[in-house]
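Colleague: Okay, so here is protein_1.txt, and as you'll see once you scroll down, it has compact mmCIF, C-alpha atoms and all ligand atoms.
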```txt
# COMPACT_ATOMS: atom_id res chain seq x y z
CA MET A 1 19.84 22.44 -237.95
CA ALA A 2 22.57 25.08 -237.92
CA THR A 3 26.00 23.97 -236.80
CA GLN A 4 27.12 24.74 -233.27
CA TYR A 5 30.72 25.80 -233.62
CA ARG A 6 33.46 24.78 -231.17
CA PHE A 7 36.58 26.93 -230.97
CA SER A 8 40.19 26.22 -230.07
CA PHE A 9 43.51 28.03 -229.89
CA GLY A 10 47.07 27.17 -228.95
CA PRO A 11 49.03 28.29 -225.87
CA TRP A 12 51.38 30.17 -228.25
CA ASN A 13 48.48 32.48 -229.13
CA LEU A 14 48.79 34.08 -225.68
CA HIS A 15 52.36 35.24 -225.99
CA GLU A 16 54.89 37.76 -224.81
CA GLY A 17 55.22 39.78 -228.01
CA ALA A 18 58.85 39.11 -228.93
CA ASP A 19 59.62 39.60 -232.63
CA PRO A 20 62.82 39.14 -234.68
CA PHE A 21 63.82 42.73 -233.80
CA GLY A 22 62.92 42.99 -230.16
CA PRO A 23 62.53 41.13 -226.89
CA PRO A 24 59.33 40.14 -225.10
CA VAL A 25 57.18 43.11 -224.05
CA ARG A 26 54.72 41.29 -221.83
CA PRO A 27 55.17 38.87 -218.94
CA SER A 28 54.50 35.17 -219.55
CA ARG A 29 51.24 33.65 -218.46
CA SER A 30 51.13 30.33 -216.70
CA PHE A 31 49.43 27.44 -218.47
CA GLU A 32 46.72 27.57 -215.81
CA GLU A 33 46.02 31.22 -216.60
CA LYS A 34 45.81 30.44 -220.33
CA LEU A 35 43.22 27.76 -219.59
CA GLN A 36 41.25 30.22 -217.47
CA ILE A 37 41.23 32.69 -220.34
CA ALA A 38 40.11 29.96 -222.76
CA GLN A 39 37.25 29.02 -220.47
CA ARG A 40 36.21 32.61 -219.84
CA LEU A 41 36.16 33.39 -223.56
CA GLY A 42 34.03 30.32 -224.32
CA PHE A 43 36.63 28.13 -226.03
CA HIS A 44 36.35 24.36 -225.75
CA GLY A 45 39.63 23.13 -227.21
CA ILE A 46 43.35 23.68 -226.85
CA GLN A 47 45.83 22.98 -229.65
CA PHE A 48 49.14 21.57 -228.52
CA HIS A 49 52.66 21.09 -229.71
CA ASP A 50 54.08 17.93 -228.13
CA ASP A 51 56.32 19.99 -225.84
CA ASP A 52 53.46 22.28 -224.81
CA VAL A 53 52.19 19.20 -222.96
CA ILE A 54 55.39 17.75 -221.54
CA PRO A 55 59.09 18.54 -222.08
CA ALA A 56 60.56 16.90 -225.18
CA ASP A 57 63.23 15.18 -223.08
CA LEU A 58 60.98 13.81 -220.35
CA PRO A 59 61.90 10.12 -219.93
CA ALA A 60 59.33 7.64 -221.26
CA PRO A 61 58.39 6.11 -217.86
CA GLN A 62 57.34 9.57 -216.61
CA MET A 63 55.21 10.49 -219.60
CA GLU A 64 51.90 8.96 -218.64
CA ALA A 65 51.70 10.66 -215.24
CA ALA A 66 52.84 14.01 -216.59
CA VAL A 67 50.30 13.98 -219.43
CA ALA A 68 47.57 12.98 -216.97
CA VAL A 69 48.21 16.16 -214.99
CA VAL A 70 47.64 18.30 -218.10
CA LYS A 71 44.56 16.31 -219.10
CA ARG A 72 43.11 16.84 -215.64
CA MET A 73 43.76 20.59 -215.89
CA LEU A 74 41.93 20.68 -219.23
CA GLU A 75 38.97 18.80 -217.80
CA ASP A 76 38.81 21.14 -214.82
CA HIS A 77 38.24 23.98 -217.30
CA GLY A 78 35.77 22.16 -219.56
CA LEU A 79 38.42 21.87 -222.28
CA GLU A 80 39.81 19.12 -224.45
CA ALA A 81 42.93 18.73 -226.56
CA GLU A 82 42.24 19.31 -230.25
CA PHE A 83 45.51 17.97 -231.65
CA ILE A 84 49.18 17.34 -231.00
CA ALA A 85 51.72 18.81 -233.44
CA PRO A 86 55.28 17.46 -233.13
CA ARG A 87 57.49 20.54 -232.88
CA LEU A 88 60.04 19.65 -235.52
CA TRP A 89 61.71 23.03 -235.87
CA GLU A 90 63.51 24.03 -232.64
CA ASP A 91 65.77 21.14 -231.73
CA PRO A 92 69.32 21.37 -233.17
CA ARG A 93 68.64 18.13 -235.08
CA THR A 94 65.76 19.79 -236.96
CA GLY A 95 67.65 22.71 -238.48
CA ASP A 96 67.72 21.38 -242.03
CA GLY A 97 64.58 19.36 -242.20
CA PRO A 98 64.39 17.10 -240.26
CA VAL A 99 62.04 14.95 -242.37
CA THR A 100 63.83 15.94 -245.59
CA SER A 101 67.28 16.30 -244.06
CA ASN A 102 70.16 14.80 -246.02
CA CYS A 103 71.26 13.23 -242.73
CA ALA A 104 69.72 9.81 -241.91
CA GLN A 105 69.99 10.32 -238.13
CA GLU A 106 68.04 13.55 -238.35
CA ARG A 107 65.35 11.87 -240.43
CA ALA A 108 65.16 9.11 -237.83
CA TYR A 109 64.84 11.73 -235.08
CA ALA A 110 61.83 13.24 -236.87
CA ILE A 111 60.07 9.88 -236.89
CA ASP A 112 60.97 8.97 -233.30
CA ARG A 113 59.92 12.33 -231.95
CA SER A 114 56.65 12.20 -233.87
CA LYS A 115 55.86 8.68 -232.67
CA ARG A 116 56.28 10.04 -229.18
CA ALA A 117 53.84 12.83 -230.11
CA VAL A 118 51.37 10.13 -231.15
CA ASP A 119 51.77 8.54 -227.70
CA ILE A 120 51.07 11.90 -226.10
CA ALA A 121 47.99 12.32 -228.30
CA HIS A 122 46.68 8.98 -227.04
CA MET A 123 47.32 9.84 -223.43
CA ILE A 124 45.63 13.23 -223.66
CA GLY A 125 42.68 11.96 -225.68
CA THR A 126 42.96 13.08 -229.30
CA LYS A 127 43.54 11.20 -232.55
CA ASP A 128 44.68 14.19 -234.56
CA ILE A 129 48.32 14.85 -235.38
CA VAL A 130 48.97 18.17 -237.12
CA TRP A 131 52.02 18.25 -239.34
CA TRP A 132 53.24 21.77 -240.07
CA PRO A 133 56.43 20.95 -242.04
CA ALA A 134 58.16 24.11 -240.85
CA ARG A 135 61.66 23.41 -242.16
CA GLU A 136 60.87 20.94 -244.93
CA GLY A 137 62.26 22.99 -247.76
CA THR A 138 65.46 24.82 -248.54
CA TYR A 139 67.12 28.21 -248.64
CA ILE A 140 68.72 27.23 -251.92
CA ARG A 141 67.22 24.60 -254.16
CA GLU A 142 70.51 22.86 -254.83
CA ALA A 143 70.75 21.89 -251.14
CA LYS A 144 68.51 18.85 -251.47
CA ARG A 145 67.12 16.69 -254.22
CA ALA A 146 63.42 17.54 -254.32
CA THR A 147 62.13 14.18 -255.56
CA GLU A 148 64.03 12.46 -252.76
CA SER A 149 62.56 14.92 -250.25
CA PHE A 150 59.01 14.08 -251.29
CA ALA A 151 59.80 10.40 -250.83
CA TYR A 152 61.15 11.11 -247.33
CA MET A 153 57.98 13.00 -246.53
CA LEU A 154 55.93 10.00 -247.61
CA ASP A 155 58.10 7.64 -245.53
CA TYR A 156 57.51 9.91 -242.54
CA ALA A 157 53.71 10.05 -242.93
CA ASN A 158 53.51 6.30 -243.54
CA ALA A 159 55.66 5.56 -240.50
CA LEU A 160 53.19 7.43 -238.27
CA LEU A 161 50.08 5.95 -239.91
CA GLU A 162 51.58 2.51 -239.45
CA TYR A 163 52.69 3.14 -235.88
CA ASP A 164 49.13 3.75 -234.78
CA SER A 165 46.08 2.68 -236.76
CA SER A 166 43.73 5.15 -235.07
CA ILE A 167 45.48 8.48 -235.64
CA ARG A 168 44.86 10.95 -238.45
CA ILE A 169 47.50 13.22 -239.96
CA LEU A 170 46.46 16.78 -240.84
CA GLY A 171 48.95 18.59 -243.07
CA GLU A 172 49.12 22.33 -242.44
CA MET A 173 50.82 23.74 -245.51
CA LYS A 174 52.57 27.10 -245.80
CA PRO A 175 54.58 28.46 -248.73
CA ASN A 176 57.46 30.08 -246.82
CA GLU A 177 58.77 31.12 -243.40
CA PRO A 178 60.87 29.93 -241.73
CA MET A 179 62.28 28.43 -244.94
CA ASP A 180 62.48 30.44 -248.13
CA LEU A 181 61.05 27.71 -250.32
CA MET A 182 58.85 25.05 -248.78
CA TYR A 183 58.15 21.64 -250.23
CA MET A 184 54.44 21.19 -250.86
CA PRO A 185 53.63 24.86 -250.28
CA THR A 186 49.85 24.64 -250.60
CA THR A 187 46.91 22.57 -249.47
CA GLY A 188 46.51 21.24 -253.01
CA HIS A 189 50.00 19.77 -252.91
CA PHE A 190 49.27 17.97 -249.68
CA LEU A 191 45.90 16.71 -250.89
CA ALA A 192 47.61 14.96 -253.78
CA PHE A 193 50.13 13.56 -251.28
CA CYS A 194 47.31 12.18 -249.08
CA TYR A 195 46.32 9.72 -251.79
CA LYS A 196 49.88 8.37 -251.99
CA THR A 197 49.98 7.37 -248.31
CA ILE A 198 49.20 3.90 -247.04
CA ASP A 199 45.90 5.20 -245.63
CA PRO A 200 44.38 8.17 -247.48
CA SER A 201 41.28 7.94 -245.26
CA ARG A 202 43.44 9.04 -242.31
CA THR A 203 45.34 11.76 -244.10
CA GLY A 204 43.82 15.22 -244.58
CA VAL A 205 44.44 18.91 -244.04
CA LEU A 206 44.22 21.84 -241.68
CA ILE A 207 43.98 25.11 -243.60
CA GLU A 208 45.30 28.35 -242.17
CA SER A 209 43.84 31.47 -243.82
CA ALA A 210 47.15 33.38 -243.78
CA HIS A 211 49.08 30.49 -245.31
CA ALA A 212 46.74 30.44 -248.32
CA ILE A 213 46.97 34.22 -248.64
CA LEU A 214 50.78 34.08 -248.52
CA ALA A 215 50.64 31.65 -251.44
CA GLY A 216 48.49 34.14 -253.37
CA LEU A 217 45.42 31.93 -253.02
CA ASP A 218 41.92 32.57 -251.76
CA PRO A 219 41.41 30.78 -248.44
CA SER A 220 37.70 30.13 -249.06
CA ASP A 221 38.43 28.33 -252.33
CA GLU A 222 41.17 26.35 -250.61
CA MET A 223 38.69 25.33 -247.92
CA ALA A 224 36.02 24.47 -250.46
CA TYR A 225 38.44 22.29 -252.38
CA ALA A 226 39.49 20.39 -249.25
CA LEU A 227 35.83 20.04 -248.22
CA TRP A 228 35.07 18.59 -251.63
CA HIS A 229 37.68 15.92 -250.88
CA ASP A 230 36.14 15.36 -247.40
CA LYS A 231 39.54 16.30 -246.06
CA LEU A 232 39.07 19.63 -244.30
CA TRP A 233 39.55 18.37 -240.78
CA SER A 234 40.53 21.64 -239.12
CA VAL A 235 41.20 25.30 -239.79
CA HIS A 236 43.44 28.05 -238.45
CA LEU A 237 41.44 31.18 -239.02
CA ASN A 238 43.33 34.46 -238.99
CA ASP A 239 44.11 37.34 -241.33
CA GLN A 240 47.05 38.72 -243.23
CA ASN A 241 47.84 42.13 -244.67
CA GLY A 242 49.42 41.35 -248.03
CA LEU A 243 52.46 39.27 -248.89
CA LYS A 244 54.61 39.98 -245.84
CA TYR A 245 55.82 37.91 -242.92
CA ASP A 246 53.21 35.62 -241.37
CA GLN A 247 51.14 38.08 -239.35
CA ASP A 248 48.49 35.91 -237.67
CA LYS A 249 46.19 38.91 -237.33
CA ALA A 250 42.78 38.50 -235.73
CA PHE A 251 40.27 36.86 -238.08
CA GLY A 252 38.52 39.24 -240.47
CA THR A 253 40.43 42.33 -239.38
CA VAL A 254 42.12 42.99 -242.74
CA ASP A 255 39.64 41.83 -245.37
CA ILE A 256 36.14 41.27 -244.00
CA ARG A 257 34.80 40.03 -247.34
CA ARG A 258 37.55 37.43 -247.64
CA ALA A 259 36.71 36.34 -244.10
CA PHE A 260 33.00 36.23 -244.93
CA ASN A 261 33.66 33.92 -247.84
CA GLN A 262 35.52 31.51 -245.57
CA VAL A 263 32.64 31.48 -243.09
CA TRP A 264 30.10 31.09 -245.89
CA VAL A 265 31.91 28.08 -247.33
CA LEU A 266 32.13 26.47 -243.89
CA GLU A 267 28.46 27.20 -243.16
CA GLN A 268 27.24 25.83 -246.47
CA ALA A 269 29.26 22.64 -246.00
CA GLY A 270 27.94 22.07 -242.47
CA TYR A 271 31.51 22.24 -241.22
CA GLY A 272 31.66 21.39 -237.53
CA ALA A 273 28.74 18.94 -237.58
CA LYS A 274 31.15 16.00 -237.44
CA GLY A 275 33.10 17.56 -234.61
CA GLU A 276 35.54 19.61 -236.69
CA TRP A 277 37.01 22.46 -234.69
CA VAL A 278 37.13 26.13 -235.60
CA GLY A 279 40.75 26.69 -234.69
CA LEU A 280 42.27 30.14 -234.45
CA ASP A 281 45.95 30.88 -234.93
CA VAL A 282 46.10 34.56 -234.02
CA LYS A 283 48.62 36.80 -232.28
CA ALA A 284 48.04 39.95 -230.26
CA MET A 285 49.70 43.09 -231.60
CA ARG A 286 53.05 43.70 -229.98
CA THR A 287 51.76 47.02 -228.63
CA GLN A 288 48.87 45.40 -226.76
CA PRO A 289 49.08 45.77 -222.95
CA HIS A 290 49.41 42.52 -221.01
CA ASP A 291 46.11 42.71 -219.14
CA ILE A 292 44.12 42.87 -222.38
CA ALA A 293 46.40 40.79 -224.59
CA TRP A 294 43.65 38.21 -225.12
CA ARG A 295 41.25 40.42 -227.07
CA HIS A 296 42.54 39.14 -230.43
CA LEU A 297 41.03 35.77 -229.49
CA GLU A 298 37.74 37.19 -228.30
CA ASN A 299 37.48 39.49 -231.33
CA SER A 300 38.23 36.73 -233.83
CA LYS A 301 35.42 34.66 -232.35
CA GLU A 302 33.02 37.59 -232.32
CA ILE A 303 33.79 38.48 -235.93
CA PHE A 304 33.32 34.82 -236.91
CA PHE A 305 29.85 34.78 -235.33
CA GLN A 306 28.87 38.09 -236.91
CA LEU A 307 29.81 36.64 -240.28
CA VAL A 308 27.85 33.46 -239.53
CA GLU A 309 24.84 35.73 -239.01
CA VAL A 310 25.41 37.39 -242.37
CA ALA A 311 25.81 34.00 -244.03
CA ARG A 312 22.51 32.83 -242.49
CA ARG A 313 20.79 36.08 -243.46
CA VAL A 314 21.65 36.27 -247.15
CA ASP A 315 18.68 35.12 -249.18
CA PRO A 316 19.65 32.22 -251.49
CA ASN A 317 16.81 33.11 -253.89
CA GLU A 318 18.06 36.65 -254.23
CA ILE A 319 21.55 35.36 -254.92
CA GLN A 320 20.21 32.90 -257.48
CA ASP A 321 18.34 35.72 -259.26
CA PHE A 322 21.53 37.73 -259.57
CA ARG A 323 23.37 34.65 -260.86
CA ASP A 324 20.63 33.89 -263.36
CA GLN A 325 20.77 37.42 -264.72
CA ARG A 326 24.55 37.31 -264.59
CA ASP A 327 24.34 40.59 -262.67
CA TYR A 328 27.49 40.08 -260.63
CA GLU A 329 27.74 43.84 -260.01
CA GLY A 330 24.35 43.64 -258.32
CA LEU A 331 25.38 40.54 -256.37
CA GLU A 332 28.55 42.24 -255.23
CA LEU A 333 26.64 45.26 -253.97
CA LEU A 334 24.26 42.99 -252.09
CA ILE A 335 27.14 41.23 -250.31
CA VAL A 336 28.99 44.46 -249.53
CA LYS A 337 25.82 46.05 -248.14
CA GLN A 338 25.23 42.99 -246.00
CA LEU A 339 28.75 43.27 -244.66
CA MET A 340 28.27 46.98 -243.97
CA GLY A 341 25.09 46.16 -242.07
CA LEU A 342 23.01 48.13 -244.59
CA ARG A 343 20.75 45.23 -245.50
C1 LIG B 401 53.02 28.74 -238.31
C2 LIG B 401 51.97 27.78 -238.05
C3 LIG B 401 52.03 27.22 -236.65
C4 LIG B 401 51.21 25.98 -236.52
C5 LIG B 401 51.39 25.30 -235.20
C6 LIG B 401 50.59 24.03 -235.10
O1 LIG B 401 53.02 29.47 -239.25
O2 LIG B 401 50.73 28.36 -238.32
O3 LIG B 401 51.60 28.18 -235.73
O4 LIG B 401 49.87 26.25 -236.72
O5 LIG B 401 52.72 25.03 -235.02
O6 LIG B 401 51.04 23.12 -236.01
MG MG B 402 48.78 27.65 -237.93
```
For this file, produce the structure as structure tokens.

Modeller:
Amino acid sequence: MATQYRFSFGPWNLHEGADPFGPPVRPSRSFEEKLQIAQRLGFHGIQFHDDDVIPADLPAPQMEAAVAVVKRMLEDHGLEAEFIAPRLWEDPRTGDGPVTSNCAQERAYAIDRSKRAVDIAHMIGTKDIVWWPAREGTYIREAKRATESFAYMLDYANALLEYDSSIRILGEMKPNEPMDLMYMPTTGHFLAFCYKTIDPSRTGVLIESAHAILAGLDPSDEMAYALWHDKLWSVHLNDQNGLKYDQDKAFGTVDIRRAFNQVWVLEQAGYGAKGEWVGLDVKAMRTQPHDIAWRHLENSKEIFFQLVEVARRVDPNEIQDFRDQRDYEGLELLIVKQLMGLR
């Protein structure tokens, strides 16, 4: 039985187009409008930062009611929350870490804020906590002691796993940006880390295509490796034109063969059958007019499904024949023709 895929995106994927060199170019959309777009485009999940749900400074006694409002809005649109990611990179206390900060109060803030994110996850109905360690690294290596930083990262993960015995932590690794040099820049680094935690069975990864590409790695091999560990618990599909800033381009729009290989790996592994989401992390081009600044989401999904069709169409026997003859030129032509729609 072929997998039925379920898609998600984050509210930040419908955005105003500001970049480091210019202001917003499109008006903001309300949360309600974003949910309407998700529903209309056939998405079933929304990815959240903790403060996408409720303000980071909302007093504890008001949390439950405020989260319930958002949960109700999701339900009204046939949506659910995929994960909560503590936003540990905007608060002044998070400027140099905060998990690996040299300052004990900042490290404590990271844990407190993330425990609160776990509470939000409970209230909204998900067990998944995504940890994108945005500022866990340095601009100059002498700024922190790396071995100590890894130990702080382990303390942080263990504190959350201990705080709540039902949650899972999904590390979303990225080699750079916003920091120059990140600690644990790749999925492989985090996979090794998983086994050091107090509960490896609740520690896994989310792989973003562009993050692997920025590290000079092939995203499909990264996904296959995590699948082999039974630890690919979510993905952020997108695309990336070379080793530049993180572009979050629509999936498959730069390198269709690289995208195909990701889809093929997921298909062959039966990804999604245990409820894993196909998450997108894509941005509309800054030039895109407001009224159609959702097409990057629709297109990513469409391209994904077209590639699923190709993956289901390629004849395994034909591929095996090419492999047996070691005719990889022939195999390559077969795949390229499939992708060009010539077979
Ligand atoms: C940035 C990341 C970021 C995360 C999001 C959820 O490069 O991809 O968008 O995916 O904050 O953790
Ligand atoms: Mg991402």

Colleague: Quick one: pull the distance between CA of His236 in chain A and CA of Trp131 in chain A, Å, one decimal.

Modeller: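 Interatomic distance, CA of His236 in chain A to CA of Trp131 in chain A: 13.1 Å.
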
Colleague: What is the CA of Ser234 in chain A to CA of Val263 in chain A distance in Å?

Modeller: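 Between CA of Ser234 in chain A and CA of Val263 in chain A the gap is 13.2 Å.
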
Colleague: Can you work out which one of A:Val118, A:Arg135, A:Val130, A:Leu334 has the shortest atom-to-atom distance to Ser165 in chain A, counting all atoms listed in the file?

Modeller: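 Once distances to Ser165 in chain A are computed over all atoms listed in the file, the minimum belongs to A:Val118.
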
Colleague: Residues within 8 Å of range 253-256 of chain A, please, as a list in words. Count all atoms listed in the file; anything in the same chain fewer than 3 positions from it doesn't count.

Modeller: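 Listed by chain and then number, they are Asp239, Gln240, Asn241, Lys249, Ala250, Ala259, Phe260 and Leu339 of chain A.
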
Colleague: So, counting all atoms listed in the file, which residue among A:Gly252, A:Asn238, A:Met63, A:Gln247 is closest to Met285 in chain A?

Modeller: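 Of A:Gly252, A:Asn238, A:Met63, A:Gln247, the one nearest Met285 in chain A, counting all atoms listed in the file, is A:Gln247.
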
Colleague: Check every protein, DNA and RNA residue against ligand MG 402 (chain B), keep those with an atom at most 8 Å away (counting only C-alpha atoms and all ligand atoms), and present them as an MDAnalysis selection string.

Modeller: chainID A and resid 132 172 207:208 211 236 280:281
